[in-house]
Structures are given as structure tokens and as C-alpha cells.
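Asker: Here's a structure for you.
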Amino acid sequence: MELPRIRIGNHQFTRLILGNNPISGVSHYSHEVSAEMERYFTMENAKALLHRCEKAGINTFQGRADRWIFHLLREYWNEGGKMKFICQTASEMKNMDASMRLAAKQGAIALYHHGTETDNYWREGRIEEVREVMKFAKDLGILSGIGSHTPEVIEYIEENGWDVDFYMTSFYNVYKGTAGRRESSIVTGIVTEDCFDSGDRDRMCATIRKVAKPCLAFKILAAGRHCGSSADVRKAFKFAFEHIKDQDAVVVGMFPRGKDQVEENTAFTREYGSITTGEPS
């Protein structure tokens, strides 16, 4: 049985998309777990995960616009891999236009503004600058999106008619509790204790169901906090698909050391992602 799919523009995406964070050593959990991810994900293990996901029916990978991810994908594609690439801007890149142009050249069919950086601009009262930045993705002829952990940001963009194709929407607002600008641990090298407030999930889901554009929901497993057992994972997938729209998908990072997370996650997507919510498709 194939995985259910959604359409954004001229592209079809499976409702389960492989996420980037574990492959890049970002756990949103602790220094120890991040270090374990970095040790595990050699080039060979990272490619093996991509091939495993493709074999299981997943057709899309979400990753950063950095050299490690570009190199990984080039080797994977050279070995016959076929998964599509949704690219997140890398906030450490000084020339964003050049970075986005490189991402498109490296095979990205969609590009979105990193959620942490989007939320920085929102806090600083500069959110309209993000609109100007992402116009360049449109000029490149690829899908354009905005990422955020903050429902109000998504609602503002939707209400003001930005010319974007999709949103990357976090179930949890890890930005909460941060004073000043927040940066990715990839940029700073510092793993902070993030906030995972259960109330955030309900709030973001309400926004996801309200906006017309497709949403790619991420952190549905609360960065591993809902992975204590298979029953916990099942519950999280069920909640996600019951609370997003039919034209939405989930983005899930996988760290398959000791457990076939790919098999489990695809099984739950087939079970719950095929059930209509009654929302527009």
C-alpha cells in the first residue's frame, strides 16, 4: 500500500517526509543525544537512511542548505536515489540569495525560510523583510515557503497575502523562553534546553486548519519526547493527522539506531494519514 500524498504546485509529496535534524546532529534534547546522532550519521549511515525511506515509500527529504546536506544528497542521487528535496535556508550563510541559488542548483524543488530566523524577524518587527527575501525563491522557479514555531506569524503572513506556496509549522514553540535572538545549535555549537509546552500543539493545529495553504507540520514527536514506546509514537501520529488538513503533511526526523523507525512511522502514516478529516483537499 502506497503512502498517501498531497500536492503543492506541480509536485506530489508523501504525507510523511523525512526530516533533517538527526542527520545534522540536532536533537533538541541534550548535548549527549546530539553527539550520539553526530557519531551515528556517517555518510554511509545517512545514505542508508535515505535509501531505506525511499524503499518504504517516502518520496521527499527536508534538509538544510549547507555543504553536508548537499554532499549527502549528491552521493545518494548518484547511487540511484530518487527522493525530492525540500530545502531550509541556512541562517549562517551571509549571502542569502547566493545560498538559495546554490540550493536550487543542487536540486531543491522547494525552499523555505528557516523557522527560527523567521521568528527572530517577527520579534524584531522586521517580518516584512522575510517577504522580500523569499521573493528570490519564486524568481528561481521553485516552490517557496515560510517556516515558523509561532502561530501568529503564520496567521499574519496568510492574512497579508504573501506569495508563498506552503508553510513549515512546528507543533511546539521552542522559541518560547528565549531572550533576544535565537540561533540554531548548528550555528552556535550550543545545545539549549528547549521549551515543549503541550498547549503549543493545540494552538498551532488551530492555525494549520485555519490557513488555506498546505502546511508541513514538524516536531510532531516533540523531538523524541513522544517516543517512549510504539504506543506513544502511534498516539502522536494519530493526533497529528486528525488535527491537520487533508492537504498537509508531517516532517519527521529519524534516528534508527536499534529500532526500525522508518517501518513504524510509515505504518502509522498509512493507518492515519489516509483518513479524511473533512477539511479541504
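Letters for chains follow the order of the C-alpha cells (A, B, ...), residue numbers begin at 1 for each chain, and ligand numbers begin at 1 in the order shown.
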Give me the residues near A:Thr89 as an MDAnalysis selection string, where near means some atom within 7 Å (using only C-alpha atoms) and where sequence neighbours in that chain fewer than 6 positions away do not count.
Answerer: chainID A and resid 64:65 112:114
Asker: Selected residues, C-alpha atoms, written as a PDB file, in the first residue's frame, please.
Answerer:
```pdb
ATOM      1  CA  ARG A  64      19.365  22.403   5.248  1.00  0.00           C
ATOM      2  CA  ALA A  65      21.099  24.482   2.576  1.00  0.00           C
ATOM      3  CA  TYR A 112      11.556  27.743   2.837  1.00  0.00           C
ATOM      4  CA  HIS A 113      12.754  30.362   5.288  1.00  0.00           C
ATOM      5  CA  HIS A 114      14.191  28.792   8.463  1.00  0.00           C
TER       6      HIS A 114
END
```
Asker: For A:Met83, find every residue with an atom within 9 Å (counting only C-alpha atoms), except residues of its own chain fewer than 4 positions away, and show them as a PDB file with C-alpha atoms, in the first residue's frame.
Answerer:
```
ATOM      1  CA  LEU A  50      17.583   7.895   2.741  1.00  0.00           C
ATOM      2  CA  HIS A  51      17.558   4.670   0.709  1.00  0.00           C
ATOM      3  CA  CYS A  53      12.965   5.687   3.483  1.00  0.00           C
ATOM      4  CA  GLU A  54      12.629   5.613  -0.289  1.00  0.00           C
ATOM      5  CA  ILE A  58       8.708   8.109   1.345  1.00  0.00           C
ATOM      6  CA  ASN A  59       9.404  10.367  -1.633  1.00  0.00           C
ATOM      7  CA  THR A  60      10.730  13.566  -0.009  1.00  0.00           C
ATOM      8  CA  PHE A  61      13.587  14.676   2.241  1.00  0.00           C
ATOM      9  CA  TRP A  77      21.269  10.572  -6.061  1.00  0.00           C
TER      10      TRP A  77
END
```
Asker: Can you tell me, as a PyMOL selection string, which residues in stretch 23-224 of chain A count as helix (DSSP H, G or I) by DSSP?
Answerer: chain A and resi 23-24+31-40+43-55+67-78+96-105+115-123+127-139+151-159+185-188+198-210
Asker: Pick from A:Arg74, A:Lys176, A:His11, A:Arg5: nearest to A:Gly273, with only C-alpha atoms counted?
Answerer: A:Arg5
Asker: What is the atom CA of A:Ile69-atom CA of A:Cys87 distance in Å, reported with one decimal?
Answerer: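 Result for atom CA of A:Ile69 versus atom CA of A:Cys87: 9.5 Å, one decimal.
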Asker: At most 9 Å is the cut-off: for each residue in stretch 65-153 of chain A with any atom that close to an atom of stretch 158-168 of chain A, write down the nearest atom pair and the distance in Å rounded to one decimal, counting only C-alpha atoms, chain first then increasing number, as JSON lines.
Answerer:
```
{"residue": "A:Tyr112", "atom": "CA", "partner": "A:Met168", "partner_atom": "CA", "distance": 7.6}
{"residue": "A:His113", "atom": "CA", "partner": "A:Met168", "partner_atom": "CA", "distance": 8.7}
{"residue": "A:His114", "atom": "CA", "partner": "A:Met168", "partner_atom": "CA", "distance": 8.7}
{"residue": "A:Gly115", "atom": "CA", "partner": "A:Met168", "partner_atom": "CA", "distance": 7.5}
{"residue": "A:Arg131", "atom": "CA", "partner": "A:Trp162", "partner_atom": "CA", "distance": 6.9}
{"residue": "A:Met134", "atom": "CA", "partner": "A:Val164", "partner_atom": "CA", "distance": 8.0}
{"residue": "A:Lys135", "atom": "CA", "partner": "A:Asp163", "partner_atom": "CA", "distance": 7.8}
{"residue": "A:Lys138", "atom": "CA", "partner": "A:Val164", "partner_atom": "CA", "distance": 8.3}
{"residue": "A:Leu143", "atom": "CA", "partner": "A:Asp165", "partner_atom": "CA", "distance": 6.1}
{"residue": "A:Ser144", "atom": "CA", "partner": "A:Val164", "partner_atom": "CA", "distance": 5.1}
{"residue": "A:Gly145", "atom": "CA", "partner": "A:Phe166", "partner_atom": "CA", "distance": 4.7}
{"residue": "A:Ile146", "atom": "CA", "partner": "A:Tyr167", "partner_atom": "CA", "distance": 5.0}
{"residue": "A:Gly147", "atom": "CA", "partner": "A:Met168", "partner_atom": "CA", "distance": 4.2}
{"residue": "A:Ser148", "atom": "CA", "partner": "A:Met168", "partner_atom": "CA", "distance": 6.3}
{"residue": "A:His149", "atom": "CA", "partner": "A:Met168", "partner_atom": "CA", "distance": 8.4}
{"residue": "A:Val153", "atom": "CA", "partner": "A:Glu158", "partner_atom": "CA", "distance": 8.6}
```
Asker: What would the file look like if the residues just selected were written as an mmCIF file, in the first residue's frame with C-alpha atoms?
Answerer:
```cif
data_model
loop_
_atom_site.group_PDB
_atom_site.id
_atom_site.type_symbol
_atom_site.label_atom_id
_atom_site.label_comp_id
_atom_site.auth_asym_id
_atom_site.auth_seq_id
_atom_site.Cartn_x
_atom_site.Cartn_y
_atom_site.Cartn_z
ATOM 1 C CA TYR A 112 11.556 27.743 2.837
ATOM 2 C CA HIS A 113 12.754 30.362 5.288
ATOM 3 C CA HIS A 114 14.191 28.792 8.463
ATOM 4 C CA GLY A 115 11.590 28.997 11.230
ATOM 5 C CA ARG A 131 8.720 38.507 2.336
ATOM 6 C CA MET A 134 11.614 34.754 -0.249
ATOM 7 C CA LYS A 135 10.636 36.524 -3.466
ATOM 8 C CA LYS A 138 10.000 32.496 -6.744
ATOM 9 C CA LEU A 143 8.250 26.373 -4.537
ATOM 10 C CA SER A 144 8.536 28.972 -1.784
ATOM 11 C CA GLY A 145 7.597 28.557 1.879
ATOM 12 C CA ILE A 146 7.889 30.079 5.325
ATOM 13 C CA GLY A 147 8.812 28.196 8.485
ATOM 14 C CA SER A 148 7.778 29.265 11.981
ATOM 15 C CA HIS A 149 7.220 27.982 15.505
ATOM 16 C CA VAL A 153 3.469 34.578 12.297
#
```
Asker: Measuring atom to atom with only C-alpha atoms, identify which of A:Arg257, A:Val262, A:Lys213, A:His71 is nearest to A:Asn45.
Answerer: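 Selected residue with least distance to A:Asn45: A:Arg257.
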Asker: What's the 12 Å shell around A:His243, counting only C-alpha atoms, without same-chain residues fewer than 3 positions away, as a compact mmCIF listing (two decimals) with C-alpha atoms, in the first residue's frame?
Answerer:
```
# COMPACT_ATOMS: atom_id res chain seq x y z
CA PHE A 171 3.85 21.76 16.82
CA ARG A 201 0.42 21.89 19.80
CA ASP A 202 -3.28 22.72 20.05
CA ARG A 203 -2.63 26.36 19.22
CA MET A 204 -0.58 25.60 16.10
CA CYS A 205 -3.04 22.96 14.91
CA ALA A 206 -5.84 25.52 15.10
CA THR A 207 -3.78 27.80 12.86
CA ILE A 208 -2.89 24.98 10.46
CA ARG A 209 -6.57 24.15 9.99
CA LYS A 210 -7.46 27.82 9.53
CA CYS A 215 1.30 23.06 5.92
CA ALA A 217 3.90 20.01 10.36
CA ILE A 220 5.03 16.12 15.95
CA ALA A 236 1.38 11.26 18.28
CA PHE A 237 0.86 10.33 14.62
CA LYS A 238 -2.86 9.83 15.19
CA PHE A 239 -3.15 13.23 16.84
CA ALA A 240 -1.19 14.92 14.06
CA ASP A 246 -6.09 16.76 4.19
CA GLN A 247 -3.62 18.71 2.03
CA ASP A 248 -0.99 18.84 4.82
CA ALA A 249 1.92 16.51 5.61
CA VAL A 250 4.21 15.75 8.54
CA TYR A 272 -3.94 7.58 9.96
CA GLY A 273 -2.81 9.70 7.00
CA ILE A 275 -8.31 9.04 6.83
CA THR A 276 -10.08 12.16 5.63
CA THR A 277 -10.55 14.91 8.19
CA GLY A 278 -13.31 16.59 6.23
CA GLU A 279 -11.09 19.60 5.60
```
